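Just data.pdb here, PDB, C-alpha atoms:
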ATOM      1  CA  MET Q  24     -69.178  13.658 146.172
ATOM      2  CA  ALA Q  25     -70.008  17.378 145.846
ATOM      3  CA  ALA Q  26     -73.341  16.897 147.642
ATOM      4  CA  ARG Q  27     -71.544  15.165 150.454
ATOM      5  CA  MET Q  28     -69.073  18.035 150.850
ATOM      6  CA  ASN Q  29     -71.915  20.558 151.109
ATOM      7  CA  ALA Q  30     -73.758  18.568 153.783
ATOM      8  CA  GLN Q  31     -73.647  20.044 157.257
ATOM      9  CA  ALA Q  32     -71.286  18.206 159.609
ATOM     10  CA  GLU Q  33     -72.983  16.091 162.239
ATOM     11  CA  LEU Q  34     -72.348  17.355 165.760
ATOM     12  CA  ILE Q  35     -70.863  14.800 168.142
ATOM     13  CA  PRO Q  36     -71.242  15.581 171.853
ATOM     14  CA  THR Q  37     -68.064  15.946 173.908
ATOM     15  CA  SER Q  38     -67.481  16.878 177.516
ATOM     16  CA  LEU Q  39     -67.157  20.516 178.509
ATOM     17  CA  GLY Q  40     -63.792  19.667 180.058
ATOM     18  CA  ASN Q  41     -62.354  18.923 176.579
ATOM     19  CA  LEU Q  42     -62.860  22.477 175.315
ATOM     20  CA  ARG Q  43     -60.179  25.151 175.171
ATOM     21  CA  ASN Q  44     -59.950  28.945 175.395
ATOM     22  CA  GLY Q  45     -62.334  30.745 173.054
ATOM     23  CA  ASP Q  46     -64.505  27.729 172.171
ATOM     24  CA  ARG Q  47     -68.299  28.094 172.111
ATOM     25  CA  ALA Q  48     -70.669  25.190 172.669
ATOM     26  CA  LEU Q  49     -74.292  24.256 173.283
ATOM     27  CA  ILE Q  50     -75.066  22.247 176.419
ATOM     28  CA  VAL Q  51     -76.711  18.927 175.499
ATOM     29  CA  ASN Q  52     -76.860  17.118 178.846
ATOM     30  CA  VAL Q  53     -75.865  17.645 182.466
ATOM     31  CA  GLY Q  54     -75.041  14.123 183.581
ATOM     32  CA  THR Q  55     -74.062  14.320 187.226
ATOM     33  CA  SER Q  56     -75.493  11.682 189.555
ATOM     34  CA  ASP Q  57     -75.869  14.154 192.435
ATOM     35  CA  PRO Q  58     -79.239  15.993 192.439
ATOM     36  CA  GLN Q  59     -77.785  18.815 194.570
ATOM     37  CA  GLN Q  60     -74.980  19.364 192.087
ATOM     38  CA  ASN Q  61     -77.493  19.359 189.212
ATOM     39  CA  ALA Q  62     -79.552  21.982 191.067
ATOM     40  CA  ARG Q  63     -76.445  24.122 191.680
ATOM     41  CA  LEU Q  64     -75.485  23.953 187.985
ATOM     42  CA  ALA Q  65     -79.077  24.789 186.963
ATOM     43  CA  ALA Q  66     -79.036  27.810 189.292
ATOM     44  CA  ARG Q  67     -75.937  29.017 187.419
ATOM     45  CA  GLY Q  68     -77.798  28.644 184.110
ATOM     46  CA  LEU Q  69     -75.921  25.500 183.046
ATOM     47  CA  VAL Q  70     -78.835  23.542 181.586
ATOM     48  CA  PRO Q  71     -79.447  21.812 178.230
ATOM     49  CA  GLY Q  72     -80.031  24.243 175.364
ATOM     50  CA  VAL Q  73     -77.819  27.027 176.734
ATOM     51  CA  GLU Q  74     -74.843  28.362 174.766
ATOM     52  CA  ILE Q  75     -71.628  28.531 176.764
ATOM     53  CA  GLY Q  76     -68.227  30.089 176.107
ATOM     54  CA  ILE Q  77     -64.846  28.985 177.427
ATOM     55  CA  LEU Q  78     -62.890  31.891 178.858
ATOM     56  CA  ARG Q  79     -60.049  29.735 180.199
ATOM     57  CA  GLY Q  80     -59.545  26.007 179.744
ATOM     58  CA  GLY Q  81     -57.903  23.716 182.268
ATOM     59  CA  ASP Q  82     -58.624  23.111 185.922
ATOM     60  CA  PRO Q  83     -60.466  25.114 187.052
ATOM     61  CA  LEU Q  84     -62.346  25.845 183.853
ATOM     62  CA  LEU Q  85     -63.699  29.399 183.508
ATOM     63  CA  VAL Q  86     -66.920  29.637 181.472
ATOM     64  CA  SER Q  87     -69.349  32.373 180.473
ATOM     65  CA  VAL Q  88     -73.118  31.973 180.345
ATOM     66  CA  ASP Q  89     -74.897  35.105 179.137
ATOM     67  CA  GLU Q  90     -73.219  37.884 181.169
ATOM     68  CA  ALA Q  91     -72.129  35.641 184.066
ATOM     69  CA  ARG Q  92     -68.768  33.945 184.574
ATOM     70  CA  TRP Q  93     -68.389  30.682 186.480
ATOM     71  CA  ALA Q  94     -65.438  28.524 187.480
ATOM     72  CA  MET Q  95     -65.716  24.758 187.850
ATOM     73  CA  GLY Q  96     -63.420  21.835 188.440
ATOM     74  CA  GLN Q  97     -62.475  19.330 185.763
ATOM     75  CA  LYS Q  98     -64.628  16.573 187.301
ATOM     76  CA  GLU Q  99     -67.713  18.786 187.194
ATOM     77  CA  ALA Q 100     -66.932  19.968 183.636
ATOM     78  CA  ASN Q 101     -66.515  16.398 182.394
ATOM     79  CA  ALA Q 102     -70.082  15.581 183.523
ATOM     80  CA  ILE Q 103     -71.524  18.202 181.122
ATOM     81  CA  LEU Q 104     -71.958  17.127 177.488
ATOM     82  CA  VAL Q 105     -71.860  19.811 174.805
ATOM     83  CA  ASP Q 106     -71.995  20.193 171.027
ATOM     84  CA  VAL Q 107     -69.119  22.398 169.855
ATOM     85  CA  LEU Q 108     -70.432  25.372 167.861
ATOM     86  CA  ASN Q 109     -67.209  27.243 167.222
ATOM     87  CA  ARG Q 110     -63.619  26.145 167.814
ATOM     88  CA  SER Q 111     -61.111  28.883 168.537
ATOM     89  CA  LYS Q 112     -58.216  29.355 166.177
ATOM     90  CA  LYS Q 113     -54.810  29.011 167.798
ATOM     91  CA  SER Q 114     -52.098  31.377 166.745
ATOM     92  CA  LEU Q 115     -48.743  30.022 165.635
ATOM     93  CA  PHE Q 116     -47.271  31.297 168.902
ATOM     94  CA  GLY Q 117     -50.017  29.527 170.875
ATOM     95  CA  ARG Q 118     -49.211  26.195 169.240
ATOM     96  CA  PHE Q 119     -45.676  26.218 170.605
ATOM     97  CA  TRP Q 120     -46.160  28.017 173.904
ATOM     98  CA  ARG Q 121     -48.263  25.977 176.334
ATOM     99  CA  ARG Q 122     -49.067  26.924 179.893
TER     100      ARG Q 122
END

If you took the structure in this file and wrote it as structure tokens, what would it be?
Amino acid sequence: MAARMNAQAELIPTSLGNLRNGDRALIVNVGTSDPQQNARLAARGLVPGVEIGILRGGDPLLVSVDEARWAMGQKEANAILVDVLNRSKKSLFGRFWRR
């Protein structure tokens, strides 16, 4: 049992649209069916292997990649699969006060 508790948790991909303020994630796949949209996301630096931060969750979603900030709609964010690296901690106040 102790060995199992020390094992590193397996990362399960989720969509970028499921993340919330302060989360950090690693892009695993950009799964849009539109080649032009894929090219536009790649030009922004949103490609597999890149670490991304969530500045503001919701629609539109505000993300940071390196020193750049980008906004995207929920549909676009849901097409990007990520592995969550760090979940933000919500304060007690944040649990009760939702925007």

All residues 10 Å or closer to Q:Leu42, all atoms listed in the file, same chain fewer than 2 positions away omitted, as a list of chain:residue names: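 The contact residues come out as Q:Thr37, Q:Ser38, Q:Leu39, Q:Gly40, Q:Asn44, Q:Gly45, Q:Asp46, Q:Arg47, Q:Ala48, Q:Gly76, Q:Ile77, Q:Arg79, Q:Gly80, Q:Gly81, Q:Leu84, Q:Ala100, Q:Val105, Q:Val107, Q:Arg110, Q:Ser111.
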
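The residue set within 12 Å of stretch 60-62 of chain Q, counting all atoms listed in the file and dropping same-chain residues fewer than 3 places from it, reads Q:Asn52, Q:Val53, Q:Gly54, Q:Thr55, Q:Ser56, Q:Asp57, Q:Ala65, Q:Ala66, Q:Arg67, Q:Gly68, Q:Leu69, Q:Val70, Q:Pro71, Q:Met95, Q:Lys98, Q:Glu99, Q:Ala100, Q:Ala102, Q:Ile103.
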
Option closest in space to Q:Ser87, from Q:Leu108, Q:Ile35, Q:Ile75, Q:Leu49 [counting all atoms listed in the file]: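 Distance minimum relative to Q:Ser87 lands on Q:Ile75.
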
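Between atom CA of Q:Glu74 and atom CA of Q:Ile50 lies a distance of 6.3 Å.
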
Atom CA of Q:Ala94 to atom CA of Q:Asp82, straight-line distance in Å: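 One can read the atom CA of Q:Asp82 to atom CA of Q:Ala94 distance as 8.8 Å.
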
Among listed residues Q:Gly96, Q:Pro36, Q:Leu78, Q:Arg63, nearest Q:Val51 (using only C-alpha atoms):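 Selected residue with least distance to Q:Val51: Q:Pro36.
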
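Take atom CA of Q:Gly72 and atom CA of Q:Leu34: the distance between them is 14.1 Å.
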
Taking all listed atoms of stretch 71-86 of chain Q, build the axis-aligned box, pad each of the six sides by 3 Å, then write its centre and edge lengths in Å to one decimal as lines of an AutoDock Vina configuration file.
center_x = -69.0
center_y = 26.9
center_z = 180.9
size_x = 28.1
size_y = 16.1
size_z = 18.3

Closest of Q:Val86, Q:Val73, Q:Leu64, Q:Ala91 to Q:Arg43 - atom-to-atom distances counting only C-alpha atoms: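 With only C-alpha atoms as the atom set, the closest residue is Q:Val86.
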